[in-house]
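**Student:** File query.txt below, compact mmCIF, C-alpha atoms and all ligand atoms:
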```txt
# COMPACT_ATOMS: atom_id res chain seq x y z
CA MET F 405 -5.96 -11.68 10.58
CA ASN F 406 -7.07 -10.40 7.14
CA LYS F 407 -8.78 -7.05 7.20
CA LYS F 408 -10.29 -4.73 4.65
CA ILE F 409 -9.06 -1.17 5.10
CA MET F 410 -10.27 1.91 3.25
CA ALA F 411 -7.96 4.86 2.62
CA ILE F 412 -9.74 8.17 2.02
CA ASN F 413 -8.43 11.46 0.70
CA SER F 414 -11.10 14.17 0.61
CA GLY F 415 -10.50 17.45 -1.17
CA SER F 416 -12.78 20.45 -1.50
CA SER F 417 -14.60 19.05 -4.56
CA SER F 418 -13.20 15.53 -4.72
CA LEU F 419 -12.95 12.30 -2.76
CA LYS F 420 -10.38 9.63 -3.59
CA PHE F 421 -10.52 6.13 -2.12
CA GLN F 422 -8.56 2.90 -2.19
CA LEU F 423 -9.69 -0.31 -0.56
CA PHE F 424 -6.97 -2.73 0.52
CA GLN F 425 -6.87 -6.25 1.84
CA MET F 426 -4.35 -6.05 4.68
CA PRO F 427 -1.76 -7.13 5.63
CA GLU F 428 -1.29 -8.49 2.08
CA GLU F 429 -1.55 -4.92 0.78
CA GLU F 430 -3.73 -6.14 -2.06
CA LEU F 431 -5.61 -3.31 -3.78
CA LEU F 432 -9.26 -4.38 -4.20
CA VAL F 433 -10.69 -1.25 -5.80
CA LYS F 434 -9.76 2.38 -6.16
CA GLY F 435 -11.66 5.38 -7.41
CA LEU F 436 -12.44 9.03 -7.36
CA PHE F 437 -15.47 11.29 -7.05
CA GLU F 438 -14.97 14.64 -8.74
CA ARG F 439 -16.96 17.87 -9.09
CA ILE F 440 -18.60 17.36 -5.70
CA GLY F 441 -20.85 20.31 -4.88
CA LEU F 442 -20.48 21.98 -8.24
CA GLU F 443 -23.75 20.68 -9.75
CA GLU F 444 -26.56 18.25 -8.91
CA GLU F 445 -24.39 15.38 -10.13
CA MET F 446 -20.79 14.32 -9.63
CA ILE F 447 -18.39 12.24 -11.70
CA PHE F 448 -17.42 8.85 -10.33
CA SER F 449 -14.53 6.86 -11.80
CA TYR F 450 -13.17 3.61 -10.48
CA SER F 451 -10.90 0.80 -11.45
CA ILE F 452 -10.98 -2.84 -10.44
CA ASN F 453 -8.00 -4.86 -11.65
CA ASP F 454 -7.30 -3.15 -14.96
CA MET F 455 -10.91 -2.29 -15.81
CA LYS F 456 -11.62 1.44 -15.68
CA VAL F 457 -15.16 2.89 -15.53
CA LYS F 458 -16.37 6.51 -15.47
CA THR F 459 -19.95 7.41 -14.71
CA VAL F 460 -22.20 10.15 -13.35
CA VAL F 461 -23.75 9.92 -9.88
CA LYS F 462 -26.64 11.94 -8.39
CA GLY F 463 -25.82 14.03 -5.33
CA LYS F 464 -23.76 17.08 -4.47
CA THR F 465 -22.13 16.42 -1.10
CA HIS F 466 -19.27 14.36 0.32
CA GLU F 467 -21.92 12.49 2.35
CA ALA F 468 -23.72 11.54 -0.88
CA ALA F 469 -20.44 10.33 -2.39
CA ILE F 470 -19.72 8.15 0.66
CA ASP F 471 -23.30 6.74 0.77
CA PHE F 472 -22.91 5.86 -2.90
CA LEU F 473 -19.47 4.34 -2.37
CA LEU F 474 -20.65 2.00 0.40
CA GLN F 475 -23.63 0.81 -1.68
CA PHE F 476 -21.32 0.38 -4.66
CA LEU F 477 -18.98 -1.90 -2.65
CA LEU F 478 -21.95 -4.13 -1.77
CA GLU F 479 -23.48 -4.12 -5.26
CA LYS F 480 -20.15 -5.04 -6.88
CA LYS F 481 -19.77 -7.75 -4.21
CA ILE F 482 -16.40 -6.32 -3.21
CA MET F 483 -17.76 -6.75 0.32
CA GLY F 484 -20.51 -9.09 1.49
CA SER F 485 -21.51 -6.67 4.24
CA LEU F 486 -20.26 -3.32 5.53
CA GLN F 487 -19.15 -5.06 8.75
CA GLU F 488 -16.25 -6.46 6.70
CA LEU F 489 -14.68 -3.01 6.69
CA SER F 490 -12.25 -3.07 9.63
CA GLY F 491 -11.05 0.51 9.51
CA VAL F 492 -11.08 3.73 7.52
CA GLY F 493 -7.91 5.81 7.29
CA HIS F 494 -8.33 9.48 6.40
CA ARG F 495 -5.62 11.71 5.02
CA VAL F 496 -5.71 14.87 7.11
CA ALA F 497 -3.71 17.87 5.92
CA HIS F 498 -2.68 19.42 9.22
CA GLY F 499 -2.00 17.86 12.59
CA GLY F 500 -0.20 20.89 14.05
CA GLU F 501 1.93 20.02 17.08
CA LYS F 502 -0.90 17.97 18.57
CA PHE F 503 -0.58 14.96 16.29
CA LYS F 504 2.90 13.50 16.17
CA HIS F 505 1.59 10.18 14.86
CA SER F 506 -1.43 8.81 13.07
CA SER F 507 -4.30 8.67 15.50
CA LEU F 508 -7.59 6.94 16.25
CA ILE F 509 -10.32 9.56 15.78
CA ASP F 510 -12.53 10.01 18.84
CA MET F 511 -14.67 13.08 19.62
CA THR F 512 -11.67 14.97 21.04
CA ALA F 513 -9.42 14.20 18.07
CA LEU F 514 -12.14 15.24 15.62
CA GLN F 515 -12.56 18.54 17.43
CA GLN F 516 -8.78 19.07 17.39
CA ILE F 517 -8.71 18.42 13.63
CA LYS F 518 -11.44 21.02 13.20
CA ASP F 519 -9.63 23.49 15.47
CA LEU F 520 -6.51 23.12 13.31
CA ALA F 521 -8.50 24.66 10.43
CA LYS F 522 -6.84 27.92 11.46
CA LEU F 523 -3.60 26.48 10.04
CA ALA F 524 -5.16 24.68 7.03
CA PRO F 525 -8.42 26.47 6.21
CA LEU F 526 -8.86 24.85 2.79
CA HIS F 527 -8.14 21.28 3.85
CA ASN F 528 -8.89 20.36 7.48
CA PRO F 529 -12.60 21.32 7.36
CA VAL F 530 -13.20 19.12 4.32
CA ASN F 531 -11.16 16.29 5.86
CA ALA F 532 -13.45 16.54 8.91
CA ILE F 533 -16.53 16.35 6.65
CA GLY F 534 -15.23 13.07 5.20
CA ILE F 535 -14.60 11.67 8.69
CA GLU F 536 -18.06 12.63 9.95
CA ALA F 537 -19.77 11.15 6.90
CA PHE F 538 -18.08 7.78 7.50
CA GLN F 539 -18.86 7.97 11.23
CA LYS F 540 -22.53 8.47 10.38
CA ASP F 541 -22.71 5.48 8.02
CA LEU F 542 -20.35 3.19 9.95
CA PRO F 543 -20.60 4.17 13.65
CA ASP F 544 -18.78 1.04 14.85
CA CYS F 545 -15.92 1.13 12.36
CA PRO F 546 -12.67 2.71 13.68
CA GLN F 547 -11.64 5.88 11.85
CA ILE F 548 -7.97 6.81 11.79
CA ALA F 549 -6.38 10.13 10.85
CA VAL F 550 -3.06 10.10 9.01
CA PHE F 551 -1.54 13.58 8.92
CA ASP F 552 0.56 15.14 6.19
CA THR F 553 2.55 16.92 8.88
CA SER F 554 3.20 14.29 11.56
CA PHE F 555 6.29 12.65 10.01
CA HIS F 556 8.05 16.03 10.32
CA GLN F 557 7.25 16.44 14.00
CA THR F 558 10.68 14.95 14.73
CA MET F 559 12.44 18.09 13.44
CA ALA F 560 14.55 19.92 16.01
CA PRO F 561 13.52 23.48 17.00
CA LYS F 562 16.52 24.91 15.11
CA ASN F 563 14.89 23.58 11.93
CA TYR F 564 11.32 24.60 12.64
CA VAL F 565 11.41 27.92 14.52
CA TYR F 566 11.38 30.94 12.19
CA PRO F 567 13.65 33.89 12.97
CA LEU F 568 10.63 36.07 13.80
CA PRO F 569 9.66 37.41 17.22
CA TYR F 570 9.35 34.22 19.28
CA ARG F 571 5.91 35.23 20.50
CA PHE F 572 4.44 34.47 17.04
CA TYR F 573 5.41 30.85 17.57
CA GLU F 574 4.04 30.83 21.12
CA GLU F 575 0.84 32.75 20.44
CA ASP F 576 -0.03 31.82 16.85
CA SER F 577 1.77 28.49 16.27
CA ILE F 578 3.78 30.03 13.43
CA ARG F 579 6.59 27.57 12.70
CA ARG F 580 7.72 25.18 9.98
CA TYR F 581 5.47 22.11 9.89
CA GLY F 582 6.30 20.55 6.52
CA PHE F 583 3.91 18.50 4.39
CA HIS F 584 3.98 15.41 2.11
CA GLY F 585 5.06 13.54 5.27
CA THR F 586 3.13 10.41 4.34
CA SER F 587 4.86 10.28 0.97
CA HIS F 588 8.37 10.96 2.30
CA GLN F 589 7.93 8.32 5.00
CA PHE F 590 6.56 5.80 2.50
CA VAL F 591 9.32 6.20 -0.10
CA ALA F 592 12.08 6.24 2.54
CA THR F 593 10.70 2.95 3.94
CA GLU F 594 10.43 1.42 0.46
CA ALA F 595 13.97 2.57 -0.46
CA ALA F 596 15.41 0.86 2.63
CA LYS F 597 13.51 -2.34 1.72
CA GLU F 598 14.79 -2.13 -1.86
CA LEU F 599 18.38 -1.82 -0.59
CA GLY F 600 17.90 -4.52 2.04
CA LYS F 601 19.13 -2.18 4.80
CA PRO F 602 17.49 -0.96 8.02
CA LEU F 603 15.87 2.43 7.46
CA GLU F 604 17.53 3.67 10.67
CA SER F 605 20.99 3.08 9.17
CA LEU F 606 20.50 5.38 6.16
CA LYS F 607 20.87 9.10 5.47
CA ILE F 608 18.19 9.77 2.89
CA ILE F 609 17.21 12.79 0.81
CA SER F 610 13.70 12.31 -0.56
CA CYS F 611 12.57 14.53 -3.45
CA HIS F 612 8.78 14.54 -3.89
CA LEU F 613 8.47 16.39 -7.19
CA GLY F 614 4.87 16.65 -8.38
CA ASN F 615 2.57 19.56 -8.91
CA GLY F 616 3.35 20.29 -5.28
CA ALA F 617 7.00 19.64 -4.50
CA SER F 618 9.08 19.21 -1.38
CA ILE F 619 12.34 17.65 -0.20
CA CYS F 620 12.94 15.91 3.10
CA GLY F 621 16.17 14.92 4.85
CA VAL F 622 15.72 11.66 6.76
CA LYS F 623 18.20 10.36 9.34
CA GLU F 624 17.70 7.35 11.63
CA GLY F 625 14.27 6.92 10.02
CA LYS F 626 13.17 10.40 11.13
CA SER F 627 12.50 13.65 9.30
CA VAL F 628 15.29 16.08 10.19
CA ILE F 629 14.51 18.89 7.76
CA THR F 630 11.97 19.57 5.02
CA SER F 631 11.41 22.33 2.49
CA MET F 632 7.72 23.16 2.96
CA GLY F 633 7.03 25.37 5.93
CA PHE F 634 4.19 26.95 7.84
CA THR F 635 2.18 26.21 4.69
CA PRO F 636 2.83 24.15 1.54
CA LEU F 637 3.76 27.37 -0.27
CA ALA F 638 7.36 27.35 0.99
CA GLY F 639 10.50 25.77 -0.38
CA LEU F 640 10.84 24.63 -3.99
CA MET F 641 9.30 26.31 -6.99
CA MET F 642 6.18 24.29 -7.92
CA GLY F 643 3.51 23.96 -10.63
CA THR F 644 1.71 27.16 -9.61
CA ARG F 645 3.30 27.98 -6.22
CA CYS F 646 6.27 30.29 -5.89
CA GLY F 647 8.19 28.50 -3.13
CA ASP F 648 10.76 30.58 -1.24
CA ILE F 649 10.94 34.22 -2.25
CA ASP F 650 12.15 37.35 -0.47
CA PRO F 651 9.29 38.04 1.98
CA SER F 652 9.56 41.77 1.27
CA ILE F 653 8.11 41.14 -2.19
CA ILE F 654 4.72 40.60 -0.55
CA PRO F 655 4.24 44.04 1.04
CA PHE F 656 5.97 45.58 -2.00
CA LEU F 657 3.27 44.07 -4.28
CA GLN F 658 0.57 45.24 -1.91
CA TYR F 659 1.82 48.84 -1.87
CA GLU F 660 3.00 49.15 -5.46
CA LYS F 661 0.19 47.28 -7.20
CA ASN F 662 -2.47 48.18 -4.68
CA LEU F 663 -3.28 44.52 -4.10
CA SER F 664 -5.04 43.08 -1.06
CA ALA F 665 -3.48 40.33 1.06
CA SER F 666 -5.85 37.77 -0.44
CA GLU F 667 -5.06 38.88 -4.00
CA VAL F 668 -1.34 38.42 -3.31
CA GLU F 669 -2.09 35.06 -1.74
CA VAL F 670 -3.82 33.91 -4.94
CA ILE F 671 -0.88 35.09 -7.06
CA LEU F 672 1.67 33.24 -4.89
CA ASN F 673 -0.37 30.02 -4.75
CA ASN F 674 -2.07 29.81 -8.14
CA GLU F 675 -0.29 32.08 -10.59
CA SER F 676 3.38 31.57 -9.82
CA GLY F 677 5.89 28.72 -10.12
CA PHE F 678 6.12 27.09 -13.57
CA LYS F 679 2.87 28.73 -14.62
CA GLY F 680 3.99 32.18 -13.55
CA VAL F 681 7.43 32.06 -15.17
CA THR F 682 6.37 30.44 -18.47
CA GLY F 683 3.02 32.22 -18.70
CA PHE F 684 1.43 29.18 -20.35
CA SER F 685 1.48 26.02 -18.22
CA SER F 686 2.10 24.47 -14.83
CA ASP F 687 2.70 21.05 -16.39
CA THR F 688 6.36 20.15 -16.89
CA ARG F 689 5.47 17.99 -19.91
CA ASP F 690 4.20 21.06 -21.83
CA ILE F 691 7.12 23.10 -20.60
CA MET F 692 9.71 20.55 -21.69
CA SER F 693 8.27 20.28 -25.18
CA GLN F 694 8.24 24.08 -25.49
CA ALA F 695 11.83 24.29 -24.20
CA GLU F 696 12.88 21.78 -26.86
CA ILE F 697 11.63 24.06 -29.61
CA GLY F 698 13.45 27.05 -28.20
CA ASN F 699 10.98 28.72 -25.81
CA GLU F 700 13.36 30.66 -23.54
CA LYS F 701 10.96 31.11 -20.64
CA ALA F 702 10.22 27.39 -20.63
CA GLN F 703 13.97 26.69 -20.47
CA LEU F 704 14.43 29.31 -17.76
CA ALA F 705 11.65 27.76 -15.64
CA LEU F 706 13.22 24.30 -15.94
CA ASP F 707 16.65 25.69 -15.05
CA MET F 708 15.21 27.51 -12.02
CA PHE F 709 13.36 24.44 -10.79
CA THR F 710 16.22 22.00 -11.18
CA SER F 711 18.71 24.45 -9.72
CA ARG F 712 16.60 24.91 -6.59
CA VAL F 713 16.23 21.16 -6.16
CA LYS F 714 20.01 20.77 -6.57
CA GLN F 715 20.71 23.54 -4.01
CA THR F 716 18.35 21.91 -1.53
CA ILE F 717 20.00 18.50 -1.98
CA GLY F 718 23.38 20.13 -1.25
CA ALA F 719 22.02 21.90 1.81
CA TYR F 720 20.37 18.76 3.16
CA ALA F 721 23.50 16.67 2.59
CA ALA F 722 25.27 19.22 4.81
CA GLU F 723 22.50 19.04 7.42
CA LEU F 724 22.54 15.21 7.47
CA GLY F 725 26.35 15.03 7.43
CA GLY F 726 26.32 13.09 4.16
CA VAL F 727 23.87 11.16 2.06
CA ASP F 728 23.49 7.44 1.31
CA VAL F 729 20.29 7.47 -0.73
CA LEU F 730 18.68 10.04 -3.02
CA ILE F 731 15.04 9.31 -3.87
CA PHE F 732 12.95 10.73 -6.70
CA THR F 733 9.19 10.36 -6.43
CA ALA F 734 5.78 11.82 -7.54
CA GLY F 735 4.74 12.85 -11.08
CA ILE F 736 7.95 14.58 -12.16
CA GLY F 737 10.34 12.54 -9.98
CA GLU F 738 8.94 9.20 -11.17
CA ASN F 739 8.55 10.04 -14.86
CA SER F 740 10.98 12.66 -16.07
CA ALA F 741 14.44 11.25 -16.83
CA GLU F 742 15.47 14.65 -18.25
CA ILE F 743 14.66 16.54 -15.06
CA ARG F 744 16.37 13.91 -12.87
CA GLU F 745 19.43 14.23 -15.10
CA MET F 746 19.45 18.03 -14.85
CA ILE F 747 19.20 17.80 -11.06
CA CYS F 748 21.98 15.25 -10.69
CA GLU F 749 24.36 16.96 -13.12
CA ASN F 750 27.56 18.13 -11.35
CA LEU F 751 26.66 16.37 -8.09
CA ALA F 752 29.50 13.85 -8.45
CA PHE F 753 31.37 15.75 -5.71
CA LEU F 754 28.63 14.53 -3.35
CA GLY F 755 28.97 10.98 -4.66
CA ILE F 756 25.83 11.27 -6.82
CA GLN F 757 26.24 9.84 -10.33
CA ILE F 758 23.46 8.48 -12.46
CA ASP F 759 23.52 5.89 -15.21
CA GLN F 760 22.02 7.49 -18.33
CA GLU F 761 20.47 4.29 -19.63
CA GLU F 762 18.94 3.19 -16.34
CA ASN F 763 17.64 6.72 -15.87
CA GLN F 764 16.03 6.81 -19.33
CA LYS F 765 14.26 3.52 -18.54
CA ASN F 766 12.83 4.97 -15.27
CA ASN F 767 14.45 2.03 -13.50
CA LYS F 768 14.17 1.64 -9.73
CA LYS F 769 17.90 2.16 -9.31
CA ILE F 770 19.36 4.81 -11.58
CA SER F 771 22.76 5.42 -9.97
CA SER F 772 25.85 4.23 -11.83
CA SER F 773 28.18 1.60 -10.41
CA GLU F 774 30.69 4.37 -9.42
CA SER F 775 28.07 6.33 -7.49
CA ALA F 776 28.65 6.35 -3.72
CA VAL F 777 25.02 7.42 -3.29
CA GLN F 778 22.21 5.06 -4.29
CA VAL F 779 19.85 7.05 -6.50
CA LEU F 780 16.39 5.48 -6.61
CA VAL F 781 13.09 6.16 -8.35
CA VAL F 782 10.36 5.08 -5.95
CA GLU F 783 6.67 5.23 -6.80
CA THR F 784 4.88 6.97 -3.97
CA ASN F 785 1.67 5.49 -2.57
CA GLU F 786 0.21 7.67 0.15
CA GLU F 787 -3.00 5.63 0.23
CA LEU F 788 -1.07 2.44 1.00
CA MET F 789 0.82 4.25 3.77
CA ILE F 790 -2.55 5.37 5.19
CA ALA F 791 -3.83 1.78 5.01
CA ARG F 792 -0.67 0.50 6.75
CA ASP F 793 -1.01 2.99 9.61
CA THR F 794 -4.73 2.25 9.92
CA PHE F 795 -4.12 -1.50 9.97
CA ASN F 796 -1.36 -1.11 12.57
CA LEU F 797 -3.50 1.09 14.82
CA ILE F 798 -6.53 -1.20 14.77
CA THR F 799 -4.59 -4.39 15.36
CA ILE F 800 -2.54 -3.29 18.40
P1 LIG X 901 0.12 16.18 -7.47
O1 LIG X 901 1.01 17.04 -6.64
O2 LIG X 901 -1.02 16.91 -8.10
O3 LIG X 901 -0.25 14.84 -6.84
P2 LIG X 901 1.66 14.54 -9.28
O4 LIG X 901 2.59 13.90 -8.34
O5 LIG X 901 0.61 13.70 -9.93
O6 LIG X 901 1.02 15.85 -8.70
O7 LIG X 901 2.52 15.22 -10.44
C1 LIG X 901 1.90 15.90 -11.47
C2 LIG X 901 2.96 16.53 -12.33
O8 LIG X 901 3.89 15.53 -12.78
C3 LIG X 901 2.36 17.12 -13.60
O9 LIG X 901 2.09 18.47 -13.40
C4 LIG X 901 3.45 16.94 -14.60
O10 LIG X 901 4.10 18.16 -14.67
C5 LIG X 901 4.41 15.94 -14.03
N1 LIG X 901 4.61 14.78 -14.92
C6 LIG X 901 3.87 13.67 -15.00
N2 LIG X 901 4.38 12.83 -15.94
C7 LIG X 901 5.47 13.44 -16.45
C8 LIG X 901 6.44 13.11 -17.45
N3 LIG X 901 6.39 11.97 -18.13
N4 LIG X 901 7.41 14.00 -17.68
C9 LIG X 901 7.48 15.17 -17.02
N5 LIG X 901 6.61 15.53 -16.06
C10 LIG X 901 5.63 14.69 -15.79
```
Would you mind giving the structure from this file in structure tokens?
Ligand code: ADP
**Tutor:**
Amino acid sequence: MNKKIMAINSGSSSLKFQLFQMPEEELLVKGLFERIGLEEEMIFSYSINDMKVKTVVKGKTHEAAIDFLLQFLLEKKIMGSLQELSGVGHRVAHGGEKFKHSSLIDMTALQQIKDLAKLAPLHNPVNAIGIEAFQKDLPDCPQIAVFDTSFHQTMAPKNYVYPLPYRFYEEDSIRRYGFHGTSHQFVATEAAKELGKPLESLKIISCHLGNGASICGVKEGKSVITSMGFTPLAGLMMGTRCGDIDPSIIPFLQYEKNLSASEVEVILNNESGFKGVTGFSSDTRDIMSQAEIGNEKAQLALDMFTSRVKQTIGAYAAELGGVDVLIFTAGIGENSAEIREMICENLAFLGIQIDQEENQKNNKKISSSESAVQVLVVETNEELMIARDTFNLITI
């Protein structure tokens, strides 16, 4: 039966939404509220078909944004009544070890999401605010939580336990969780469809390269290893995040520079990565144009980034016992032919060879005919994955 499903992604000062007709996966409207809580008004942009509109809306809370959104859907006649909404899927940052799958949100689940704020203090509380606001306006509409971490819950202990005293895992839940799970799962599924092969039959390395970046090794349709860790700070170098560094640098900075833990935390999260190395931007487009005109730090940052991605691909090929499919996704992965080329250079020994022309065109398949590994560019769509999970959970 046809159902309208809303996918929601609430951030600290933003709320993104996409409304789908399922199971056709037809996008009816998508939009974004920004600057929530910063002033008396927020900015609301939306697009229906190809028409884009940006306007200002009164109100300064997530609740106000959601009240406005529901009225907007009625006024624009996207829905005849709110009863037409069959389910709301919420992106939730952290599901800890509790949530191994997407889940219907009852009182217990909501409390568990709030309790997991210890592991994701910036995200889970605001995700819970979004859930509660929808529950208030639509008490009879099922709410589903789709976690950034749950796809990685299939990792074996050898890949998620840190070599620290084991009690920190037992007492404080310190372990690798991994993030971007919704995206890795979505692109792996789409890649298998594109190749006409069962997902379970493929060894896949998925590179989600955006402002945040992570890599995931997928075998038999399950996440085996991923580069983000206890938090999304681990793994690759990113727009403003440092990724993996020698952990001793942290106390060294505290002692030598007389910095507090929270000051170091800000440096590692917001002032490092591309921004930290180049000193001028976290955006690879700016960095590439500067590198072209001879900026050495810009070139160094690009070399560091692509080298780390390459090393991780090599490591994950070893972990998976080979690789059939290499996926590039997210802002950099989907758009930058130059960066994909730098990453794939000298990977022929792994069977990875790209076709320059196909790569330049951002084609879906960019591997050459000699390549043993299928190299694909797959557009990620976390909102659609949320809508799929929501639809599946409400129809069983
Ligand atoms: P987020 O993690 O914020 O969702 P995105 O997946 O949207 O990030 O990726 C954003 C990044 O993608 C930008 O910082 C930019 O560096 C990069 N990007 C987008 N388009 C291009 C392009 N054509 N060439 C190189 N980099 C690009």
**Student:** From the options F:Glu604, F:Asp541, F:Asp687, F:Asp650, which residue's atoms come nearest to ligand LIG 901 (chain X), counting all atoms listed in the file?
**Tutor:**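 Ranked by minimum distance to ligand LIG 901 (chain X), first place goes to F:Asp687.
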**Student:** Using all atoms listed in the file, which residues of the polymer chains come no farther than 9 Å from ligand LIG 901 (chain X)? I'd like the answer as a list in words.
**Tutor:**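 Selection of residues at most 9 Å from ligand LIG 901 (chain X): His612, Leu613, Gly614, Asn615, Gly616, Ala617, Met642, Gly643, Ser685, Ser686, Asp687, Thr688, Arg689, Asp690, Ile691, Met692, Thr733, Ala734, Gly735, Ile736, Gly737, Glu738, Asn739, Ser740, Ala741, Glu742, Ile743 and Thr784 of chain F.
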**Student:** From the set F:Ser772, F:Ser627, F:Asn528, F:Asn563, which residue has the shortest atom-to-atom contact distance to Ala592 (chain F), counting all atoms listed in the file?
**Tutor:** F:Ser627
**Student:** Between F:Ile629, F:Val713, F:Val550, F:Met410, single out the one closest to Tyr564 (chain F), counting all atoms listed in the file.
**Tutor:**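 For Tyr564 (chain F), the nearest of the candidates is F:Ile629.
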**Student:** Taking all atoms listed in the file into account, name the residue in F:Glu675, F:Glu783, F:Glu761, F:Glu438 that is nearest to Phe732 (chain F).
**Tutor:** F:Glu783
**Student:** So, counting all atoms listed in the file, which residue among F:Leu486, F:Ile671, F:Ile609, F:Leu442 is closest to Tyr720 (chain F)?
**Tutor:** F:Ile609
**Student:** From the set F:His498, F:Lys661, F:His588, F:Arg744, which residue has the shortest atom-to-atom contact distance to Asn531 (chain F), counting all atoms listed in the file?
**Tutor:**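 Nearest to Asn531 (chain F): F:His498.
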**Student:** Neighbours of Gly633 (chain F) within 7 Å (only C-alpha atoms; same-chain residues fewer than 5 positions away dropped), as a list in words?
**Tutor:**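 Those residues are Arg580, Tyr581, Gly582 and Ala638 of chain F.
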**Student:** Could the residues in this selection be saved with C-alpha atoms as an mmCIF file, in the frame of the given file?
**Tutor:**
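The resulting selection16.cif:
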```
data_model
loop_
_atom_site.group_PDB
_atom_site.id
_atom_site.type_symbol
_atom_site.label_atom_id
_atom_site.label_comp_id
_atom_site.auth_asym_id
_atom_site.auth_seq_id
_atom_site.Cartn_x
_atom_site.Cartn_y
_atom_site.Cartn_z
ATOM 1 C CA ARG F 580 7.720 25.180 9.980
ATOM 2 C CA TYR F 581 5.470 22.110 9.890
ATOM 3 C CA GLY F 582 6.300 20.550 6.520
ATOM 4 C CA ALA F 638 7.360 27.350 0.990
#
```
**Student:** Suppose you want the space between CA of Asp510 (chain F) and CA of Glu786 (chain F); what is it in Å?
**Tutor:**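 Rounded to one decimal, the two atoms are 22.7 Å apart.
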**Student:** For CA of Asp728 (chain F) and CA of Val782 (chain F), determine how far apart the two atoms are, in Å to one decimal place.
**Tutor:**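 Interatomic distance, CA of Asp728 (chain F) to CA of Val782 (chain F): 15.2 Å.
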**Student:** State, in Å with one decimal place, the distance from CA of Thr465 (chain F) to CA of Leu478 (chain F).
**Tutor:**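 Result for CA of Thr465 (chain F) versus CA of Leu478 (chain F): 20.6 Å, one decimal.
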**Student:** Could you name the residues that touch Asp471 (chain F) at 10 Å or less, counting only C-alpha atoms, but leaving out those on the same chain fewer than 3 positions away, as a VMD selection string?
**Tutor:** chain F and resid 463 465 to 468 474 to 476 537 to 538 540 to 541
**Student:** Hey, what's within 6 Å of Ile440 (chain F) if we count all atoms listed in the file and toss same-chain stuff fewer than 4 positions away? As an MDAnalysis selection string, please?
**Tutor:** chainID F and resid 417:418 446 464:465
**Student:** Quick one: write out the picked residues with C-alpha atoms as a PDB file, in the frame of the given file?
**Tutor:**
```pdb
ATOM      1  CA  SER F 417     -14.600  19.050  -4.560  1.00  0.00           C
ATOM      2  CA  SER F 418     -13.200  15.530  -4.720  1.00  0.00           C
ATOM      3  CA  MET F 446     -20.790  14.320  -9.630  1.00  0.00           C
ATOM      4  CA  LYS F 464     -23.760  17.080  -4.470  1.00  0.00           C
ATOM      5  CA  THR F 465     -22.130  16.420  -1.100  1.00  0.00           C
TER       6      THR F 465
END
```
**Student:** (-2.8, 5.9, 14.7) in this file's frame - what residues fall within 10 Å of it? Use all atoms listed in the file and give the answer as a PyMOL selection string.
**Tutor:** chain F and resi 493+503-509+547-551+790+792-798+800
**Student:** Report as JSON the centre and the edge lengths, in Å to one decimal, of the axis-aligned box holding every listed atom of region 482-488 of chain F, padded by 5 Å on each side.
**Tutor:**
```
{"center_x": -18.9, "center_y": -6.2, "center_z": 2.8, "size_x": 15.3, "size_y": 15.8, "size_z": 22.0}
```
**Student:** Which protein, DNA or RNA residues are at most 12 Å from (18.0, 17.5, -5.4) in the file's coordinates when you count only C-alpha atoms, listed as a tab-separated table (two decimals) with C-alpha atoms, in the coordinates of the input?
**Tutor:**
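Below is the file out-v6.tsv, written as the result:
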```tsv
chain	number	residue	atom	x	y	z
F	608	ILE	CA	18.19	9.77	2.89
F	609	ILE	CA	17.21	12.79	0.81
F	610	SER	CA	13.70	12.31	-0.56
F	611	CYS	CA	12.57	14.53	-3.45
F	612	HIS	CA	8.78	14.54	-3.89
F	613	LEU	CA	8.47	16.39	-7.19
F	617	ALA	CA	7.00	19.64	-4.50
F	618	SER	CA	9.08	19.21	-1.38
F	619	ILE	CA	12.34	17.65	-0.20
F	620	CYS	CA	12.94	15.91	3.10
F	621	GLY	CA	16.17	14.92	4.85
F	631	SER	CA	11.41	22.33	2.49
F	640	LEU	CA	10.84	24.63	-3.99
F	709	PHE	CA	13.36	24.44	-10.79
F	710	THR	CA	16.22	22.00	-11.18
F	711	SER	CA	18.71	24.45	-9.72
F	712	ARG	CA	16.60	24.91	-6.59
F	713	VAL	CA	16.23	21.16	-6.16
F	714	LYS	CA	20.01	20.77	-6.57
F	715	GLN	CA	20.71	23.54	-4.01
F	716	THR	CA	18.35	21.91	-1.53
F	717	ILE	CA	20.00	18.50	-1.98
F	718	GLY	CA	23.38	20.13	-1.25
F	719	ALA	CA	22.02	21.90	1.81
F	720	TYR	CA	20.37	18.76	3.16
F	721	ALA	CA	23.50	16.67	2.59
F	727	VAL	CA	23.87	11.16	2.06
F	729	VAL	CA	20.29	7.47	-0.73
F	730	LEU	CA	18.68	10.04	-3.02
F	731	ILE	CA	15.04	9.31	-3.87
F	732	PHE	CA	12.95	10.73	-6.70
F	733	THR	CA	9.19	10.36	-6.43
F	737	GLY	CA	10.34	12.54	-9.98
F	743	ILE	CA	14.66	16.54	-15.06
F	744	ARG	CA	16.37	13.91	-12.87
F	745	GLU	CA	19.43	14.23	-15.10
F	746	MET	CA	19.45	18.03	-14.85
F	747	ILE	CA	19.20	17.80	-11.06
F	748	CYS	CA	21.98	15.25	-10.69
F	749	GLU	CA	24.36	16.96	-13.12
F	750	ASN	CA	27.56	18.13	-11.35
F	751	LEU	CA	26.66	16.37	-8.09
F	754	LEU	CA	28.63	14.53	-3.35
F	756	ILE	CA	25.83	11.27	-6.82
F	779	VAL	CA	19.85	7.05	-6.50
```
**Student:** Counting only C-alpha atoms, what is within 9 Å of Tyr450 (chain F), bar same-chain residues fewer than 6 positions away, as a VMD selection string?
**Tutor:** chain F and resid 433 to 437 456 to 459
